[in-house]
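So this one's model25.pdb, PDB, N, CA and C atoms:
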```
ATOM      1  N   MET D   1      84.781  82.782 105.674
ATOM      2  CA  MET D   1      85.433  82.226 104.506
ATOM      3  C   MET D   1      84.772  82.740 103.224
ATOM      4  N   ALA D   2      83.690  82.118 102.825
ATOM      5  CA  ALA D   2      83.011  82.548 101.604
ATOM      6  C   ALA D   2      82.134  83.747 101.913
ATOM      7  N   LYS D   3      82.091  84.659 100.968
ATOM      8  CA  LYS D   3      81.283  85.844 101.202
ATOM      9  C   LYS D   3      80.039  85.798 100.332
ATOM     10  N   LYS D   4      78.957  86.312 100.877
ATOM     11  CA  LYS D   4      77.687  86.334 100.166
ATOM     12  C   LYS D   4      77.801  87.254  98.966
ATOM     13  N   LEU D   5      77.076  86.925  97.917
ATOM     14  CA  LEU D   5      77.060  87.744  96.715
ATOM     15  C   LEU D   5      76.106  88.903  96.927
ATOM     16  N   VAL D   6      76.651  90.099  96.978
ATOM     17  CA  VAL D   6      75.842  91.300  97.137
ATOM     18  C   VAL D   6      75.993  92.147  95.885
ATOM     19  N   ASP D   7      75.274  93.259  95.824
ATOM     20  CA  ASP D   7      75.261  94.085  94.626
ATOM     21  C   ASP D   7      76.658  94.532  94.203
ATOM     22  N   GLY D   8      77.503  94.891  95.127
ATOM     23  CA  GLY D   8      78.861  95.330  94.797
ATOM     24  C   GLY D   8      79.688  94.218  94.191
ATOM     25  N   ASP D   9      79.486  92.967  94.646
ATOM     26  CA  ASP D   9      80.229  91.828  94.126
ATOM     27  C   ASP D   9      79.743  91.417  92.741
ATOM     28  N   ALA D  10      78.502  91.759  92.396
ATOM     29  CA  ALA D  10      77.972  91.404  91.090
ATOM     30  C   ALA D  10      78.747  92.115  89.982
ATOM     31  N   LYS D  11      79.295  93.291  90.292
ATOM     32  CA  LYS D  11      80.076  94.020  89.309
ATOM     33  C   LYS D  11      81.480  93.443  89.171
ATOM     34  N   ASN D  12      82.011  92.822  90.218
ATOM     35  CA  ASN D  12      83.356  92.257  90.223
ATOM     36  C   ASN D  12      83.331  90.799  90.670
ATOM     37  N   PRO D  13      82.744  89.911  89.875
ATOM     38  CA  PRO D  13      82.714  88.507  90.295
ATOM     39  C   PRO D  13      84.099  87.874  90.193
ATOM     40  N   VAL D  14      84.308  86.810  90.927
ATOM     41  CA  VAL D  14      85.572  86.080  90.879
ATOM     42  C   VAL D  14      85.699  85.452  89.500
ATOM     43  N   ARG D  15      86.848  85.589  88.897
ATOM     44  CA  ARG D  15      87.116  85.009  87.577
ATOM     45  C   ARG D  15      88.020  83.793  87.728
ATOM     46  N   CYS D  16      87.795  82.800  86.904
ATOM     47  CA  CYS D  16      88.586  81.575  86.973
ATOM     48  C   CYS D  16      89.947  81.720  86.308
ATOM     49  N   HIS D  17      90.056  82.589  85.313
ATOM     50  CA  HIS D  17      91.321  82.742  84.604
ATOM     51  C   HIS D  17      92.394  83.203  85.576
ATOM     52  N   GLY D  18      93.486  82.460  85.623
ATOM     53  CA  GLY D  18      94.565  82.775  86.546
ATOM     54  C   GLY D  18      94.472  82.017  87.852
ATOM     55  N   CYS D  19      93.439  81.202  88.026
ATOM     56  CA  CYS D  19      93.281  80.408  89.246
ATOM     57  C   CYS D  19      94.068  79.103  89.117
ATOM     58  N   ALA D  20      94.645  78.646  90.201
ATOM     59  CA  ALA D  20      95.431  77.411  90.207
ATOM     60  C   ALA D  20      94.565  76.177  89.961
ATOM     61  N   HIS D  21      93.271  76.242  90.242
ATOM     62  CA  HIS D  21      92.384  75.078  90.115
ATOM     63  C   HIS D  21      91.646  75.027  88.778
ATOM     64  N   TYR D  22      91.705  76.098  88.010
ATOM     65  CA  TYR D  22      91.009  76.179  86.728
ATOM     66  C   TYR D  22      91.777  75.407  85.662
ATOM     67  N   PHE D  23      91.049  74.637  84.836
ATOM     68  CA  PHE D  23      91.699  73.938  83.736
ATOM     69  C   PHE D  23      90.759  73.864  82.541
ATOM     70  N   VAL D  24      91.357  73.664  81.369
ATOM     71  CA  VAL D  24      90.613  73.535  80.127
ATOM     72  C   VAL D  24      90.636  72.070  79.739
ATOM     73  N   THR D  25      89.469  71.527  79.371
ATOM     74  CA  THR D  25      89.357  70.107  79.032
ATOM     75  C   THR D  25      89.345  69.930  77.517
ATOM     76  N   TYR D  26      89.396  68.696  77.086
ATOM     77  CA  TYR D  26      89.275  68.381  75.668
ATOM     78  C   TYR D  26      87.848  68.002  75.304
ATOM     79  N   ASP D  27      86.953  68.020  76.270
ATOM     80  CA  ASP D  27      85.545  67.715  76.044
ATOM     81  C   ASP D  27      84.874  68.954  75.455
ATOM     82  N   ARG D  28      84.444  68.873  74.206
ATOM     83  CA  ARG D  28      83.890  70.068  73.574
ATOM     84  C   ARG D  28      82.532  70.464  74.141
ATOM     85  N   HIS D  29      81.855  69.563  74.812
ATOM     86  CA  HIS D  29      80.571  69.889  75.432
ATOM     87  C   HIS D  29      80.741  70.510  76.812
ATOM     88  N   ARG D  30      81.852  70.217  77.471
ATOM     89  CA  ARG D  30      82.175  70.804  78.781
ATOM     90  C   ARG D  30      83.643  71.194  78.782
ATOM     91  N   PRO D  31      83.967  72.349  78.181
ATOM     92  CA  PRO D  31      85.379  72.696  77.970
ATOM     93  C   PRO D  31      86.125  73.271  79.171
ATOM     94  N   TYR D  32      85.445  73.628  80.252
ATOM     95  CA  TYR D  32      86.107  74.249  81.401
ATOM     96  C   TYR D  32      85.894  73.403  82.638
ATOM     97  N   GLY D  33      86.872  73.452  83.563
ATOM     98  CA  GLY D  33      86.743  72.662  84.772
ATOM     99  C   GLY D  33      87.373  73.315  85.978
ATOM    100  N   CYS D  34      86.981  72.806  87.150
ATOM    101  CA  CYS D  34      87.548  73.244  88.412
ATOM    102  C   CYS D  34      88.044  72.005  89.150
ATOM    103  N   ALA D  35      89.349  71.939  89.382
ATOM    104  CA  ALA D  35      89.939  70.787  90.058
ATOM    105  C   ALA D  35      89.568  70.761  91.539
ATOM    106  N   LYS D  36      89.382  71.907  92.161
ATOM    107  CA  LYS D  36      89.059  71.974  93.588
ATOM    108  C   LYS D  36      87.667  71.424  93.853
ATOM    109  N   PHE D  37      86.685  71.831  93.029
ATOM    110  CA  PHE D  37      85.315  71.339  93.201
ATOM    111  C   PHE D  37      85.090  70.018  92.465
ATOM    112  N   GLY D  38      85.936  69.698  91.500
ATOM    113  CA  GLY D  38      85.856  68.420  90.806
ATOM    114  C   GLY D  38      84.731  68.321  89.793
ATOM    115  N   PHE D  39      84.545  69.360  88.972
ATOM    116  CA  PHE D  39      83.526  69.267  87.931
ATOM    117  C   PHE D  39      83.991  69.968  86.665
ATOM    118  N   LYS D  40      83.334  69.589  85.536
ATOM    119  CA  LYS D  40      83.548  70.227  84.250
ATOM    120  C   LYS D  40      82.228  70.874  83.850
ATOM    121  N   THR D  41      82.304  71.974  83.099
ATOM    122  CA  THR D  41      81.096  72.713  82.766
ATOM    123  C   THR D  41      81.245  73.424  81.429
ATOM    124  N   LYS D  42      80.112  73.832  80.876
ATOM    125  CA  LYS D  42      80.108  74.553  79.611
ATOM    126  C   LYS D  42      80.474  76.024  79.799
ATOM    127  N   SER D  43      80.120  76.596  80.947
ATOM    128  CA  SER D  43      80.465  77.989  81.244
ATOM    129  C   SER D  43      81.618  78.007  82.249
ATOM    130  N   LEU D  44      82.058  79.195  82.624
ATOM    131  CA  LEU D  44      83.140  79.283  83.599
ATOM    132  C   LEU D  44      82.693  78.693  84.943
ATOM    133  N   PRO D  45      83.562  77.933  85.598
ATOM    134  CA  PRO D  45      83.204  77.326  86.877
ATOM    135  C   PRO D  45      82.784  78.334  87.951
ATOM    136  N   SER D  46      83.355  79.524  87.943
ATOM    137  CA  SER D  46      82.974  80.518  88.946
ATOM    138  C   SER D  46      81.508  80.919  88.803
ATOM    139  N   LEU D  47      81.004  80.946  87.572
ATOM    140  CA  LEU D  47      79.592  81.273  87.356
ATOM    141  C   LEU D  47      78.683  80.159  87.869
ATOM    142  N   VAL D  48      79.106  78.922  87.705
ATOM    143  CA  VAL D  48      78.335  77.783  88.209
ATOM    144  C   VAL D  48      78.285  77.808  89.729
ATOM    145  N   VAL D  49      79.405  78.148  90.363
ATOM    146  CA  VAL D  49      79.455  78.226  91.828
ATOM    147  C   VAL D  49      78.508  79.320  92.324
ATOM    148  N   ILE D  50      78.516  80.480  91.670
ATOM    149  CA  ILE D  50      77.624  81.573  92.069
ATOM    150  C   ILE D  50      76.164  81.173  91.896
ATOM    151  N   GLU D  51      75.833  80.524  90.773
ATOM    152  CA  GLU D  51      74.455  80.091  90.529
ATOM    153  C   GLU D  51      74.011  79.031  91.538
ATOM    154  N   SER D  52      74.923  78.136  91.908
ATOM    155  CA  SER D  52      74.575  77.036  92.810
ATOM    156  C   SER D  52      74.468  77.457  94.264
ATOM    157  N   THR D  53      75.428  78.266  94.715
ATOM    158  CA  THR D  53      75.494  78.593  96.137
ATOM    159  C   THR D  53      75.041  80.001  96.469
ATOM    160  N   GLY D  54      75.065  80.898  95.471
ATOM    161  CA  GLY D  54      74.728  82.288  95.726
ATOM    162  C   GLY D  54      75.879  83.064  96.336
ATOM    163  N   MET D  55      77.081  82.459  96.362
ATOM    164  CA  MET D  55      78.262  83.105  96.945
ATOM    165  C   MET D  55      79.424  83.015  95.957
ATOM    166  N   GLN D  56      80.396  83.907  96.143
ATOM    167  CA  GLN D  56      81.608  83.866  95.339
ATOM    168  C   GLN D  56      82.398  82.600  95.671
ATOM    169  N   CYS D  57      83.256  82.184  94.762
ATOM    170  CA  CYS D  57      84.115  81.031  95.003
ATOM    171  C   CYS D  57      85.121  81.371  96.099
ATOM    172  N   ALA D  58      85.188  80.540  97.127
ATOM    173  CA  ALA D  58      86.078  80.787  98.258
ATOM    174  C   ALA D  58      87.446  80.134  98.069
ATOM    175  N   TYR D  59      87.601  79.311  97.027
ATOM    176  CA  TYR D  59      88.833  78.550  96.851
ATOM    177  C   TYR D  59      89.751  79.110  95.779
ATOM    178  N   ARG D  60      89.486  80.280  95.264
ATOM    179  CA  ARG D  60      90.331  80.832  94.209
ATOM    180  C   ARG D  60      91.726  81.136  94.741
ATOM    181  N   GLU D  61      92.722  80.600  94.054
ATOM    182  CA  GLU D  61      94.126  80.840  94.392
ATOM    183  C   GLU D  61      94.831  81.275  93.121
ATOM    184  N   ASP D  62      95.674  82.282  93.214
ATOM    185  CA  ASP D  62      96.413  82.735  92.046
ATOM    186  C   ASP D  62      97.390  81.659  91.601
ATOM    187  N   ARG D  63      97.415  81.438  90.300
ATOM    188  CA  ARG D  63      98.370  80.501  89.712
ATOM    189  C   ARG D  63      99.757  81.129  89.795
ATOM    190  N   GLN D  64     100.769  80.325  90.055
ATOM    191  CA  GLN D  64     102.122  80.855  90.137
ATOM    192  C   GLN D  64     102.569  81.319  88.764
ATOM    193  N   ALA D  65     103.205  82.462  88.718
ATOM    194  CA  ALA D  65     103.664  83.030  87.461
ATOM    195  C   ALA D  65     104.770  82.172  86.865
ATOM    196  N   THR D  66     104.782  82.098  85.548
ATOM    197  CA  THR D  66     105.835  81.347  84.878
ATOM    198  C   THR D  66     107.097  82.190  84.823
ATOM    199  N   ASP D  67     108.201  81.540  84.637
ATOM    200  CA  ASP D  67     109.476  82.231  84.573
ATOM    201  C   ASP D  67     109.574  82.974  83.240
ATOM    202  N   ALA D  68     109.645  84.291  83.290
ATOM    203  CA  ALA D  68     109.672  85.109  82.076
ATOM    204  C   ALA D  68     110.943  84.885  81.272
ATOM    205  N   GLY D  69     112.032  84.581  81.930
ATOM    206  CA  GLY D  69     113.295  84.372  81.229
ATOM    207  C   GLY D  69     113.426  83.008  80.588
ATOM    208  N   ARG D  70     112.519  82.115  80.867
ATOM    209  CA  ARG D  70     112.596  80.757  80.364
ATOM    210  C   ARG D  70     112.518  80.707  78.842
ATOM    211  N   LYS D  71     111.709  81.542  78.255
ATOM    212  CA  LYS D  71     111.555  81.536  76.810
ATOM    213  C   LYS D  71     112.858  81.930  76.129
ATOM    214  N   ALA D  72     113.546  82.913  76.661
ATOM    215  CA  ALA D  72     114.818  83.354  76.082
ATOM    216  C   ALA D  72     115.872  82.257  76.174
ATOM    217  N   GLN D  73     115.849  81.462  77.230
ATOM    218  CA  GLN D  73     116.827  80.397  77.398
ATOM    219  C   GLN D  73     116.614  79.269  76.402
ATOM    220  N   ASN D  74     115.365  79.025  76.019
ATOM    221  CA  ASN D  74     115.053  77.908  75.140
ATOM    222  C   ASN D  74     115.148  78.268  73.658
ATOM    223  N   GLN D  75     115.474  79.496  73.341
ATOM    224  CA  GLN D  75     115.569  79.901  71.944
ATOM    225  C   GLN D  75     116.785  79.257  71.286
ATOM    226  N   ARG D  76     116.629  78.965  70.033
ATOM    227  CA  ARG D  76     117.706  78.349  69.259
ATOM    228  C   ARG D  76     118.855  79.331  69.068
ATOM    229  N   LYS D  77     120.046  78.864  69.279
ATOM    230  CA  LYS D  77     121.213  79.721  69.118
ATOM    231  C   LYS D  77     121.677  79.646  67.664
ATOM    232  N   VAL D  78     121.833  80.790  67.027
ATOM    233  CA  VAL D  78     122.222  80.821  65.604
ATOM    234  C   VAL D  78     123.622  81.333  65.456
TER     235      VAL D  78
END
```
Can you give me the file's structure in the form of C-alpha cells?
Amino acid sequence: MAKKLVDGDAKNPVRCHGCAHYFVTYDRHRPYGCAKFGFKTKSLPSLVVIESTGMQCAYREDRQATDAGRKAQNQRKV
C-alpha cells in the first residue's frame, strides 16, 4: 500500500492539491486540512504525513473534475 520515501520520491512527493480529501479551513493558524487523516495543519498535509511516517501519503485520490460547460450554462443571457 504505502511506499517508503526513497531518494527518487523526494524529488516527486505527493501533493495535496487536487486530492479529494484536501480542504482549506478558515483557521488562519492552521489553513490546510486532510479529511482522510482528520487533521488541520499550517503546512500541506502531505508534508506532515511524510515527516510523521517517513512514507508518502497512501490515501491520495484525484478529485473529480468539474463540468467545464457548467460555467457557460450559468452565464446571464443578454
Would you write out, as a PDB file with N, CA and C atoms, in the coordinates of the input, every residue that the PyMOL selection byres (((chain D and resi 42 and name CA) around 8) and name CA) captures in this file?
```
ATOM      1  N   HIS D  29      81.855  69.563  74.812  1.00  0.00           N
ATOM      2  CA  HIS D  29      80.571  69.889  75.432  1.00  0.00           C
ATOM      3  C   HIS D  29      80.741  70.510  76.812  1.00  0.00           C
ATOM      4  N   ARG D  30      81.852  70.217  77.471  1.00  0.00           N
ATOM      5  CA  ARG D  30      82.175  70.804  78.781  1.00  0.00           C
ATOM      6  C   ARG D  30      83.643  71.194  78.782  1.00  0.00           C
ATOM      7  N   PRO D  31      83.967  72.349  78.181  1.00  0.00           N
ATOM      8  CA  PRO D  31      85.379  72.696  77.970  1.00  0.00           C
ATOM      9  C   PRO D  31      86.125  73.271  79.171  1.00  0.00           C
ATOM     10  N   TYR D  32      85.445  73.628  80.252  1.00  0.00           N
ATOM     11  CA  TYR D  32      86.107  74.249  81.401  1.00  0.00           C
ATOM     12  C   TYR D  32      85.894  73.403  82.638  1.00  0.00           C
ATOM     13  N   LYS D  40      83.334  69.589  85.536  1.00  0.00           N
ATOM     14  CA  LYS D  40      83.548  70.227  84.250  1.00  0.00           C
ATOM     15  C   LYS D  40      82.228  70.874  83.850  1.00  0.00           C
ATOM     16  N   THR D  41      82.304  71.974  83.099  1.00  0.00           N
ATOM     17  CA  THR D  41      81.096  72.713  82.766  1.00  0.00           C
ATOM     18  C   THR D  41      81.245  73.424  81.429  1.00  0.00           C
ATOM     19  N   SER D  43      80.120  76.596  80.947  1.00  0.00           N
ATOM     20  CA  SER D  43      80.465  77.989  81.244  1.00  0.00           C
ATOM     21  C   SER D  43      81.618  78.007  82.249  1.00  0.00           C
ATOM     22  N   LEU D  44      82.058  79.195  82.624  1.00  0.00           N
ATOM     23  CA  LEU D  44      83.140  79.283  83.599  1.00  0.00           C
ATOM     24  C   LEU D  44      82.693  78.693  84.943  1.00  0.00           C
TER      25      LEU D  44
END
```
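The space between CA of Ser46 (chain D) and CA of Pro13 (chain D) spans 8.1 Å.
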_Run DSSP on the backbone and tell me which residues of region 20-55 of chain D come out as strand (DSSP E); list them as a PyMOL selection string._
chain D and resi 22-24+32-34+39-41
Put the listed atoms of region 26-37 of chain D in a box along x, y and z with 6 Å added on every side and give me the centre and edge lengths in Å to one decimal, as AutoDock Vina command-line options.
```
--center_x 85.3 --center_y 71.0 --center_z 83.7 --size_x 21.4 --size_y 18.5 --size_z 32.3
```
*D:Leu47, D:Cys57, D:Asp62, D:Cys34: which is nearest Ala20 (chain D), counting only C-alpha atoms?*
D:Asp62
*asked:* Quick check, in Å to one decimal: how far apart do CA of Met55 (chain D) and atom N of Val24 (chain D) lie?
replied: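 Taking CA of Met55 (chain D) as the start and atom N of Val24 (chain D) as the end point, the length is 22.4 Å.
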*Atomic distance CA of Glu61 (chain D) - CA of Tyr26 (chain D), expressed in Å with one decimal*: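 Between CA of Glu61 (chain D) and CA of Tyr26 (chain D) the gap works out to 23.0 Å.
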*Determine, counting only C-alpha atoms, every residue of protein, DNA or RNA that lies within 10 Å of (94.4, 75.4, 88.6) in the file coordinates, then give the result as a list in words.*
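Residues lying no farther than 10 Å from the given point: Cys16, His17, Gly18, Cys19, Ala20, His21, Tyr22, Phe23, Val24, Gly33, Cys34, Ala35, Lys36, Arg60, Glu61, Asp62, Arg63 and Gln64 of chain D.
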